[in-house]
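One file, input-v1.cif, is given below (mmCIF, C-alpha atoms).
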data_final
loop_
_atom_site.group_PDB
_atom_site.id
_atom_site.type_symbol
_atom_site.label_atom_id
_atom_site.label_comp_id
_atom_site.auth_asym_id
_atom_site.auth_seq_id
_atom_site.Cartn_x
_atom_site.Cartn_y
_atom_site.Cartn_z
ATOM 1 C CA MET A 287 -110.275 46.850 -5.747
ATOM 2 C CA THR A 288 -108.012 49.440 -4.155
ATOM 3 C CA THR A 289 -105.754 49.355 -7.192
ATOM 4 C CA ARG A 290 -108.724 49.828 -9.468
ATOM 5 C CA THR A 291 -110.006 52.798 -7.483
ATOM 6 C CA GLN A 292 -106.553 54.368 -7.482
ATOM 7 C CA THR A 293 -106.204 53.849 -11.219
ATOM 8 C CA ARG A 294 -109.611 55.420 -11.801
ATOM 9 C CA SER A 295 -108.750 58.420 -9.636
ATOM 10 C CA ALA A 296 -105.419 58.892 -11.398
ATOM 11 C CA ALA A 297 -107.252 58.679 -14.712
ATOM 12 C CA ARG A 298 -109.194 61.769 -13.640
ATOM 13 C CA ILE A 299 -106.663 63.727 -11.626
ATOM 14 C CA VAL A 300 -103.868 63.848 -14.206
ATOM 15 C CA PRO A 301 -106.044 65.121 -17.096
ATOM 16 C CA ALA A 302 -107.830 67.529 -14.726
ATOM 17 C CA PHE A 303 -104.481 68.912 -13.634
ATOM 18 C CA PHE A 304 -103.207 69.454 -17.170
ATOM 19 C CA VAL A 305 -106.470 70.893 -18.465
ATOM 20 C CA ALA A 306 -106.692 73.303 -15.514
ATOM 21 C CA ALA A 307 -103.065 74.346 -16.114
ATOM 22 C CA LEU A 308 -103.904 74.999 -19.768
ATOM 23 C CA GLY A 309 -106.871 77.107 -18.669
ATOM 24 C CA ILE A 310 -104.762 79.162 -16.263
ATOM 25 C CA ALA A 311 -102.148 79.685 -18.975
ATOM 26 C CA LEU A 312 -104.838 80.879 -21.386
ATOM 27 C CA ILE A 313 -106.285 83.320 -18.820
ATOM 28 C CA THR A 314 -102.822 84.660 -17.997
ATOM 29 C CA LEU A 315 -101.930 85.137 -21.651
ATOM 30 C CA THR A 316 -105.183 86.744 -22.761
ATOM 31 C CA GLY A 317 -106.008 88.647 -19.595
ATOM 32 C CA HIS A 318 -102.829 89.587 -17.775
ATOM 33 C CA VAL A 319 -99.611 89.567 -19.849
ATOM 34 C CA GLN A 320 -98.596 93.211 -20.317
ATOM 35 C CA ALA A 321 -96.828 92.837 -23.708
ATOM 36 C CA ALA A 322 -97.883 95.873 -25.756
ATOM 37 C CA ALA A 323 -99.496 94.041 -28.681
ATOM 38 C CA LEU A 324 -101.472 91.683 -26.418
ATOM 39 C CA HIS A 325 -102.486 94.527 -24.130
ATOM 40 C CA GLU A 326 -103.662 96.597 -27.079
ATOM 41 C CA ALA A 327 -105.658 93.770 -28.657
ATOM 42 C CA ALA A 328 -107.275 92.608 -25.423
ATOM 43 C CA HIS A 329 -107.699 96.072 -23.889
ATOM 44 C CA ASP A 330 -111.492 96.423 -24.015
ATOM 45 C CA VAL A 331 -112.100 92.850 -22.889
ATOM 46 C CA ARG A 332 -109.687 93.159 -19.969
ATOM 47 C CA HIS A 333 -111.585 96.202 -18.714
ATOM 48 C CA ALA A 334 -114.985 94.610 -19.288
ATOM 49 C CA THR A 335 -113.953 91.388 -17.518
ATOM 50 C CA GLY A 336 -112.658 93.278 -14.484
ATOM 51 C CA PHE A 337 -108.965 92.387 -14.888
ATOM 52 C CA PRO A 338 -106.332 94.872 -13.700
ATOM 53 C CA CYS A 339 -105.402 96.463 -17.033
ATOM 54 C CA HIS A 340 -103.014 99.421 -16.878
ATOM 55 C CA MET B 50 -110.749 61.823 -20.667
ATOM 56 C CA TYR B 51 -108.544 64.437 -22.316
ATOM 57 C CA THR B 52 -110.756 64.555 -25.397
ATOM 58 C CA ARG B 53 -113.937 64.824 -23.352
ATOM 59 C CA LEU B 54 -112.507 67.641 -21.207
ATOM 60 C CA LEU B 55 -111.016 69.579 -24.107
ATOM 61 C CA VAL B 56 -113.973 69.217 -26.464
ATOM 62 C CA SER B 57 -116.561 70.215 -23.831
ATOM 63 C CA ALA B 58 -114.414 73.181 -22.749
ATOM 64 C CA LEU B 59 -113.949 74.386 -26.323
ATOM 65 C CA PHE B 60 -117.671 74.236 -27.096
ATOM 66 C CA ALA B 61 -118.717 75.801 -23.772
ATOM 67 C CA GLY B 62 -116.047 78.512 -23.914
ATOM 68 C CA ALA B 63 -116.645 79.441 -27.544
ATOM 69 C CA ALA B 64 -120.431 79.557 -27.176
ATOM 70 C CA THR B 65 -120.259 81.607 -23.984
ATOM 71 C CA GLY B 66 -117.575 83.908 -25.398
ATOM 72 C CA LEU B 67 -119.658 84.716 -28.466
ATOM 73 C CA LEU B 68 -122.777 85.543 -26.439
ATOM 74 C CA VAL B 69 -120.809 87.519 -23.851
ATOM 75 C CA ALA B 70 -119.037 89.533 -26.556
ATOM 76 C CA LEU B 71 -122.482 90.502 -27.809
ATOM 77 C CA LEU B 72 -123.661 91.514 -24.310
ATOM 78 C CA GLN B 73 -120.469 93.482 -23.695
ATOM 79 C CA PHE B 74 -120.789 95.208 -27.028
ATOM 80 C CA VAL B 75 -124.298 96.406 -26.187
ATOM 81 C CA PHE B 76 -123.954 97.182 -22.463
ATOM 82 C CA VAL B 77 -120.277 97.670 -21.556
ATOM 83 C CA GLN B 78 -118.471 98.984 -24.627
ATOM 84 C CA PRO B 79 -120.496 102.241 -24.944
ATOM 85 C CA VAL B 80 -119.636 103.145 -21.323
ATOM 86 C CA LEU B 81 -115.975 102.343 -21.989
ATOM 87 C CA LEU B 82 -115.885 104.464 -25.160
ATOM 88 C CA HIS B 83 -117.601 107.301 -23.315
ATOM 89 C CA ALA B 84 -115.012 107.110 -20.510
ATOM 90 C CA GLU B 85 -112.194 107.165 -23.060
ATOM 91 C CA LEU B 86 -113.383 110.598 -24.235
ATOM 92 C CA TYR B 87 -112.582 111.834 -20.719
ATOM 93 C CA GLU B 88 -109.376 109.807 -20.513
ATOM 94 C CA SER B 89 -108.102 111.445 -23.707
ATOM 95 C CA GLY B 90 -109.218 114.908 -22.599
ATOM 96 C CA THR B 91 -111.758 115.336 -25.407
ATOM 97 C CA LEU B 92 -114.350 115.881 -22.688
ATOM 98 C CA VAL B 93 -113.795 117.485 -19.269
ATOM 99 C CA HIS B 94 -116.434 117.550 -16.565
ATOM 100 C CA PHE B 95 -114.974 119.522 -13.665
ATOM 101 C CA GLY B 96 -113.916 123.104 -13.078
ATOM 102 C CA PRO B 97 -116.134 126.222 -13.365
ATOM 103 C CA ASP B 98 -118.792 126.224 -16.096
ATOM 104 C CA ARG B 99 -117.935 122.741 -17.153
ATOM 105 C CA ALA B 100 -121.352 121.109 -17.238
ATOM 106 C CA THR B 101 -120.684 118.548 -19.957
ATOM 107 C CA LYS B 102 -123.461 116.914 -21.924
ATOM 108 C CA ALA B 103 -124.033 113.380 -20.688
ATOM 109 C CA HIS B 104 -124.799 111.972 -24.151
ATOM 110 C CA PRO B 105 -122.001 112.737 -26.598
ATOM 111 C CA ASP B 106 -121.594 111.017 -29.964
ATOM 112 C CA LEU B 107 -119.602 107.849 -29.437
ATOM 113 C CA PRO B 108 -117.361 106.125 -31.964
ATOM 114 C CA GLY B 109 -119.321 103.403 -33.762
ATOM 115 C CA PHE B 110 -118.441 99.837 -34.673
ATOM 116 C CA GLU B 111 -114.739 99.307 -35.400
ATOM 117 C CA PRO B 112 -114.187 95.991 -37.216
ATOM 118 C CA VAL B 113 -110.605 95.311 -36.047
ATOM 119 C CA ARG B 114 -110.952 96.541 -32.477
ATOM 120 C CA ASP B 115 -114.333 94.911 -31.861
ATOM 121 C CA GLY B 116 -113.377 91.771 -33.786
ATOM 122 C CA LEU B 117 -110.344 91.331 -31.532
ATOM 123 C CA SER B 118 -112.614 91.799 -28.523
ATOM 124 C CA VAL B 119 -114.789 88.911 -29.725
ATOM 125 C CA VAL B 120 -111.729 86.675 -30.224
ATOM 126 C CA PHE B 121 -110.285 87.501 -26.814
ATOM 127 C CA THR B 122 -113.621 87.080 -25.033
ATOM 128 C CA MET B 123 -113.902 83.597 -26.555
ATOM 129 C CA LEU B 124 -110.341 82.774 -25.478
ATOM 130 C CA ILE B 125 -110.859 84.006 -21.915
ATOM 131 C CA TYR B 126 -114.065 82.036 -21.444
ATOM 132 C CA THR B 127 -112.447 78.961 -23.004
ATOM 133 C CA GLY B 128 -109.719 79.322 -20.371
ATOM 134 C CA TYR B 129 -112.360 79.538 -17.652
ATOM 135 C CA ALA B 130 -114.204 76.562 -19.171
ATOM 136 C CA LEU B 131 -111.030 74.453 -19.024
ATOM 137 C CA ILE B 132 -110.604 75.240 -15.318
ATOM 138 C CA MET B 133 -114.287 74.667 -14.590
ATOM 139 C CA LEU B 134 -114.492 71.344 -16.438
ATOM 140 C CA ALA B 135 -111.318 70.087 -14.751
ATOM 141 C CA SER B 136 -112.981 70.811 -11.387
ATOM 142 C CA MET B 137 -116.296 69.318 -12.544
ATOM 143 C CA SER B 138 -114.605 66.057 -13.572
ATOM 144 C CA LEU B 139 -113.019 65.768 -10.122
ATOM 145 C CA ALA B 140 -116.334 66.531 -8.411
ATOM 146 C CA GLU B 141 -118.107 63.922 -10.534
ATOM 147 C CA GLU B 142 -115.546 61.378 -9.369
ATOM 148 C CA ARG B 143 -116.719 62.134 -5.815
ATOM 149 C CA GLY B 144 -120.333 61.417 -6.737
ATOM 150 C CA THR B 145 -121.673 64.833 -7.789
ATOM 151 C CA THR B 146 -124.071 65.023 -10.728
ATOM 152 C CA ILE B 147 -122.800 67.258 -13.520
ATOM 153 C CA ASN B 148 -125.257 68.462 -16.175
ATOM 154 C CA GLY B 149 -126.641 71.673 -17.613
ATOM 155 C CA ARG B 150 -128.861 72.292 -14.566
ATOM 156 C CA THR B 151 -126.272 71.737 -11.855
ATOM 157 C CA GLY B 152 -123.840 73.607 -14.097
ATOM 158 C CA ILE B 153 -125.767 76.804 -13.322
ATOM 159 C CA LEU B 154 -124.689 76.483 -9.660
ATOM 160 C CA TRP B 155 -121.103 75.995 -10.818
ATOM 161 C CA GLY B 156 -121.444 79.112 -12.924
ATOM 162 C CA ILE B 157 -122.655 81.203 -9.981
ATOM 163 C CA ALA B 158 -119.774 79.879 -7.853
ATOM 164 C CA GLY B 159 -117.337 80.653 -10.673
ATOM 165 C CA PHE B 160 -118.698 84.187 -10.905
ATOM 166 C CA VAL B 161 -118.205 84.692 -7.167
ATOM 167 C CA ALA B 162 -114.651 83.323 -7.224
ATOM 168 C CA PHE B 163 -113.379 84.867 -10.468
ATOM 169 C CA HIS B 164 -115.326 88.089 -10.783
ATOM 170 C CA LEU B 165 -117.226 89.210 -7.673
ATOM 171 C CA ALA B 166 -114.528 88.382 -5.094
ATOM 172 C CA PRO B 167 -111.688 90.283 -6.807
ATOM 173 C CA GLY B 168 -114.154 93.006 -7.879
ATOM 174 C CA PHE B 169 -115.292 93.538 -4.282
ATOM 175 C CA SER B 170 -112.031 95.310 -3.434
ATOM 176 C CA LEU B 171 -110.642 95.938 -6.916
ATOM 177 C CA ALA B 172 -113.748 97.237 -8.684
ATOM 178 C CA PRO B 173 -113.858 96.820 -12.488
ATOM 179 C CA GLU B 174 -112.036 99.902 -13.792
ATOM 180 C CA VAL B 175 -113.013 102.261 -16.572
ATOM 181 C CA PRO B 176 -110.079 103.514 -18.654
ATOM 182 C CA GLY B 177 -108.419 106.545 -17.119
ATOM 183 C CA VAL B 178 -109.031 105.633 -13.501
ATOM 184 C CA ALA B 179 -106.299 106.113 -10.896
ATOM 185 C CA ALA B 180 -104.913 102.774 -9.681
ATOM 186 C CA ALA B 181 -101.925 101.174 -7.967
ATOM 187 C CA ASP B 182 -99.105 99.397 -9.842
ATOM 188 C CA VAL B 183 -100.552 96.858 -12.276
ATOM 189 C CA THR B 184 -98.226 94.001 -11.228
ATOM 190 C CA LEU B 185 -99.232 94.355 -7.578
ATOM 191 C CA ARG B 186 -102.906 94.378 -8.534
ATOM 192 C CA GLN B 187 -102.446 91.287 -10.709
ATOM 193 C CA ILE B 188 -100.767 89.427 -7.837
ATOM 194 C CA TRP B 189 -103.648 90.421 -5.560
ATOM 195 C CA TRP B 190 -106.160 89.391 -8.251
ATOM 196 C CA PHE B 191 -104.658 85.915 -8.713
ATOM 197 C CA SER B 192 -104.323 85.369 -4.954
ATOM 198 C CA THR B 193 -107.907 86.442 -4.289
ATOM 199 C CA VAL B 194 -109.293 84.258 -7.071
ATOM 200 C CA THR B 195 -107.309 81.250 -5.826
ATOM 201 C CA VAL B 196 -108.319 81.477 -2.168
ATOM 202 C CA SER B 197 -111.947 82.291 -3.063
ATOM 203 C CA ALA B 198 -112.174 79.273 -5.385
ATOM 204 C CA VAL B 199 -110.698 77.027 -2.678
ATOM 205 C CA ALA B 200 -113.180 78.505 -0.165
ATOM 206 C CA LEU B 201 -116.176 77.799 -2.402
ATOM 207 C CA TRP B 202 -114.951 74.240 -3.031
ATOM 208 C CA LEU B 203 -114.739 73.743 0.781
ATOM 209 C CA ILE B 204 -118.261 75.150 1.244
ATOM 210 C CA ALA B 205 -119.661 72.883 -1.492
ATOM 211 C CA PHE B 206 -117.768 69.658 -0.746
ATOM 212 C CA GLY B 207 -116.359 70.096 2.769
ATOM 213 C CA ASN B 208 -117.928 68.422 5.773
ATOM 214 C CA GLY B 209 -118.346 70.069 9.123
ATOM 215 C CA TRP B 210 -117.874 73.448 10.718
ATOM 216 C CA MET B 211 -114.089 73.294 10.656
ATOM 217 C CA MET B 212 -113.956 73.367 6.858
ATOM 218 C CA TRP B 213 -116.755 75.897 6.554
ATOM 219 C CA SER B 214 -115.028 78.222 9.038
ATOM 220 C CA VAL B 215 -111.788 77.957 7.087
ATOM 221 C CA ALA B 216 -113.785 78.780 3.930
ATOM 222 C CA VAL B 217 -115.275 81.928 5.480
ATOM 223 C CA LEU B 218 -111.840 83.072 6.618
ATOM 224 C CA LEU B 219 -110.425 82.467 3.142
ATOM 225 C CA LEU B 220 -113.252 84.498 1.590
ATOM 226 C CA LEU B 221 -112.691 87.409 3.995
ATOM 227 C CA ALA B 222 -108.885 87.431 4.119
ATOM 228 C CA PRO B 223 -108.050 89.195 0.820
ATOM 229 C CA HIS B 224 -110.449 92.037 1.650
ATOM 230 C CA LEU B 225 -109.281 92.415 5.252
ATOM 231 C CA ILE B 226 -105.682 92.547 3.992
ATOM 232 C CA GLY B 227 -106.855 94.948 1.295
ATOM 233 C CA ALA B 228 -106.162 95.387 -2.413
ATOM 234 C CA PRO B 229 -103.350 97.654 -3.667
ATOM 235 C CA GLU B 230 -104.781 101.172 -3.916
ATOM 236 C CA ALA B 231 -103.727 104.346 -5.711
ATOM 237 C CA ASP B 232 -101.773 106.899 -3.650
ATOM 238 C CA VAL B 233 -103.644 109.823 -5.162
ATOM 239 C CA PHE B 234 -106.917 110.177 -7.045
ATOM 240 C CA SER B 235 -106.352 111.518 -10.530
ATOM 241 C CA GLY B 236 -109.098 109.926 -12.628
ATOM 242 C CA PRO B 237 -110.690 112.379 -15.083
ATOM 243 C CA VAL B 238 -113.758 110.172 -15.689
ATOM 244 C CA PRO B 239 -117.071 111.174 -14.036
ATOM 245 C CA THR B 240 -118.109 108.958 -11.136
ATOM 246 C CA GLU B 241 -121.432 108.324 -12.903
ATOM 247 C CA LEU B 242 -119.599 106.503 -15.702
ATOM 248 C CA GLY B 243 -117.290 104.656 -13.321
ATOM 249 C CA ALA B 244 -120.202 103.333 -11.273
ATOM 250 C CA LEU B 245 -122.222 102.342 -14.339
ATOM 251 C CA PHE B 246 -119.209 100.584 -15.826
ATOM 252 C CA ALA B 247 -118.556 98.533 -12.663
ATOM 253 C CA ALA B 248 -122.239 97.583 -12.372
ATOM 254 C CA ARG B 249 -122.470 96.600 -16.047
ATOM 255 C CA ALA B 250 -119.198 94.616 -15.946
ATOM 256 C CA LEU B 251 -120.380 92.639 -12.906
ATOM 257 C CA GLY B 252 -123.869 92.126 -14.322
ATOM 258 C CA VAL B 253 -122.621 90.845 -17.662
ATOM 259 C CA GLY B 254 -120.077 88.775 -15.710
ATOM 260 C CA LEU B 255 -122.851 87.008 -13.806
ATOM 261 C CA ALA B 256 -124.767 86.269 -17.004
ATOM 262 C CA ALA B 257 -121.529 85.048 -18.596
ATOM 263 C CA TRP B 258 -120.682 82.655 -15.790
ATOM 264 C CA VAL B 259 -124.199 81.231 -15.542
ATOM 265 C CA MET B 260 -124.086 80.505 -19.285
ATOM 266 C CA LEU B 261 -120.588 79.062 -18.980
ATOM 267 C CA GLY B 262 -121.593 76.706 -16.157
ATOM 268 C CA CYS B 263 -124.736 75.601 -17.953
ATOM 269 C CA PHE B 264 -122.923 74.972 -21.265
ATOM 270 C CA ALA B 265 -119.995 73.245 -19.537
ATOM 271 C CA GLY B 266 -122.330 70.843 -17.713
ATOM 272 C CA TYR B 267 -124.390 70.241 -20.839
ATOM 273 C CA PHE B 268 -121.446 69.513 -23.154
ATOM 274 C CA TRP B 269 -119.780 67.358 -20.477
ATOM 275 C CA GLN B 270 -122.895 65.133 -20.412
ATOM 276 C CA ARG B 271 -123.290 65.204 -24.172
ATOM 277 C CA GLU B 272 -119.707 64.090 -24.803
ATOM 278 C CA ALA B 273 -120.199 61.177 -22.380
ATOM 279 C CA ALA B 274 -123.482 60.171 -24.029
ATOM 280 C CA GLN B 275 -121.862 60.220 -27.464
ATOM 281 C CA ALA B 276 -118.896 58.175 -26.240
ATOM 282 C CA ASN B 277 -121.331 55.606 -24.776
ATOM 283 C CA THR B 278 -123.339 55.414 -27.996
ATOM 284 C CA ALA B 279 -120.161 54.951 -29.998
ATOM 285 C CA ALA B 280 -119.004 52.198 -27.623
ATOM 286 C CA HIS B 281 -122.287 50.270 -27.984
ATOM 287 C CA THR B 282 -122.564 50.349 -31.756
#
Translate this file's structure into structure tokens.
Amino acid sequence: MTTRTQTRSAARIVPAFFVAALGIALITLTGHVQAAALHEAAHDVRHATGFPCH
Amino acid sequence: MYTRLLVSALFAGAATGLLVALLQFVFVQPVLLHAELYESGTLVHFGPDRATKAHPDLPGFEPVRDGLSVVFTMLIYTGYALIMLASMSLAEERGTTINGRTGILWGIAGFVAFHLAPGFSLAPEVPGVAAADVTLRQIWWFSTVTVSAVALWLIAFGNGWMMWSVAVLLLLAPHLIGAPEADVFSGPVPTELGALFAARALGVGLAAWVMLGCFAGYFWQREAAQANTAAHT
């Protein structure tokens, strides 16, 4: 029973961890990386979403 | 589990992003374009005899610029959807019901953690505003979002006054410490536009997060229902 519960928890925690990491990476890339091309393309959205932009 | 998380996040993020891009285009973008006229010096509103008309002609629809805004809005809200669904799946494991209705609560909490909390001390900026170093502000932004999200999780799922007190302290801390601020004020944009921009950004943000939470909860349930149907046929 304990093993089963642990397996079930692990089955949730590992995917949740990776998916959350992917989400954070996506937010960082689209909203915060200061590379000129990215900044230029995402400029209006960064302002509208309240991210620090310049 | 991976498929269910990724598929629900993609649907929720893309749907929200599209609708939010539309809202931003109508309510936020005109204020931003107006502010840019002051940022570039095309309009000036201070000094003697400088009463500037409050309703100048603004640039219209620009396919590339506005198209990119739509793409990036969809990407940002997909990123948020991934984080939200990861948290939802963990909460469901602890016995919480996740669906479109309860998703609205998640959306409001997400708005507080990711938009209102950082915006409380680092107000959404119009172009041309004076501000501290961008790296410092980004560090403060990420720290504030992290501790605020943890605080809201403790309020929602914690038991007892200990956890709730810790949550309140975590919510207050970034603002008591203070956000990085500009040394001097040099913004050429009228305060009327700055205030309207901040209000509009936060307002659209709330609508965005409520939609995101609702869609995330809905698609999470829908993916499970479809998996069950497939398993029984």
* Asked: For His318 in chain A, which of B:Ser118, B:Gln270, B:Ser89, B:Thr184 is the closest residue, counting all atoms listed in the file?
  ->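 Closest to His318 in chain A of all the choices is B:Thr184.
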* Ground truth for the PyMOL selection byres ((chain A) within 7 of (chain B)), written as a PyMOL selection string -> chain A and resi 298-299+301-302+305-306+309-310+312-313+316+327-328+330-331+333-336+338-340
Expand the PyMOL selection byres ((chain B and resi 267) around 9) into the individual residues it matches in the shown file, reporting them as a PDB file with C-alpha atoms, in the coordinates of the input.
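The result, written out as expr.pdb:
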ATOM      1  CA  SER B  57    -116.561  70.215 -23.831  1.00  0.00           C
ATOM      2  CA  ALA B  61    -118.717  75.801 -23.772  1.00  0.00           C
ATOM      3  CA  ILE B 147    -122.800  67.258 -13.520  1.00  0.00           C
ATOM      4  CA  ASN B 148    -125.257  68.462 -16.175  1.00  0.00           C
ATOM      5  CA  GLY B 149    -126.641  71.673 -17.613  1.00  0.00           C
ATOM      6  CA  ARG B 150    -128.861  72.292 -14.566  1.00  0.00           C
ATOM      7  CA  GLY B 152    -123.840  73.607 -14.097  1.00  0.00           C
ATOM      8  CA  GLY B 262    -121.593  76.706 -16.157  1.00  0.00           C
ATOM      9  CA  CYS B 263    -124.736  75.601 -17.953  1.00  0.00           C
ATOM     10  CA  PHE B 264    -122.923  74.972 -21.265  1.00  0.00           C
ATOM     11  CA  ALA B 265    -119.995  73.245 -19.537  1.00  0.00           C
ATOM     12  CA  GLY B 266    -122.330  70.843 -17.713  1.00  0.00           C
ATOM     13  CA  PHE B 268    -121.446  69.513 -23.154  1.00  0.00           C
ATOM     14  CA  TRP B 269    -119.780  67.358 -20.477  1.00  0.00           C
ATOM     15  CA  GLN B 270    -122.895  65.133 -20.412  1.00  0.00           C
ATOM     16  CA  ARG B 271    -123.290  65.204 -24.172  1.00  0.00           C
ATOM     17  CA  GLU B 272    -119.707  64.090 -24.803  1.00  0.00           C
TER      18      GLU B 272
END
* Asked: Separation of CA of Val93 in chain B and CA of Leu71 in chain B, in Å?
  ->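 Rounded to one decimal, the two atoms are 29.6 Å apart.
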* For Gly109 in chain B, please output as an MDAnalysis selection string all residues within 10 Å (counting all atoms listed in the file; exclusion window: fewer than 3 positions along the same chain). => chainID B and resid 79 82 106 112
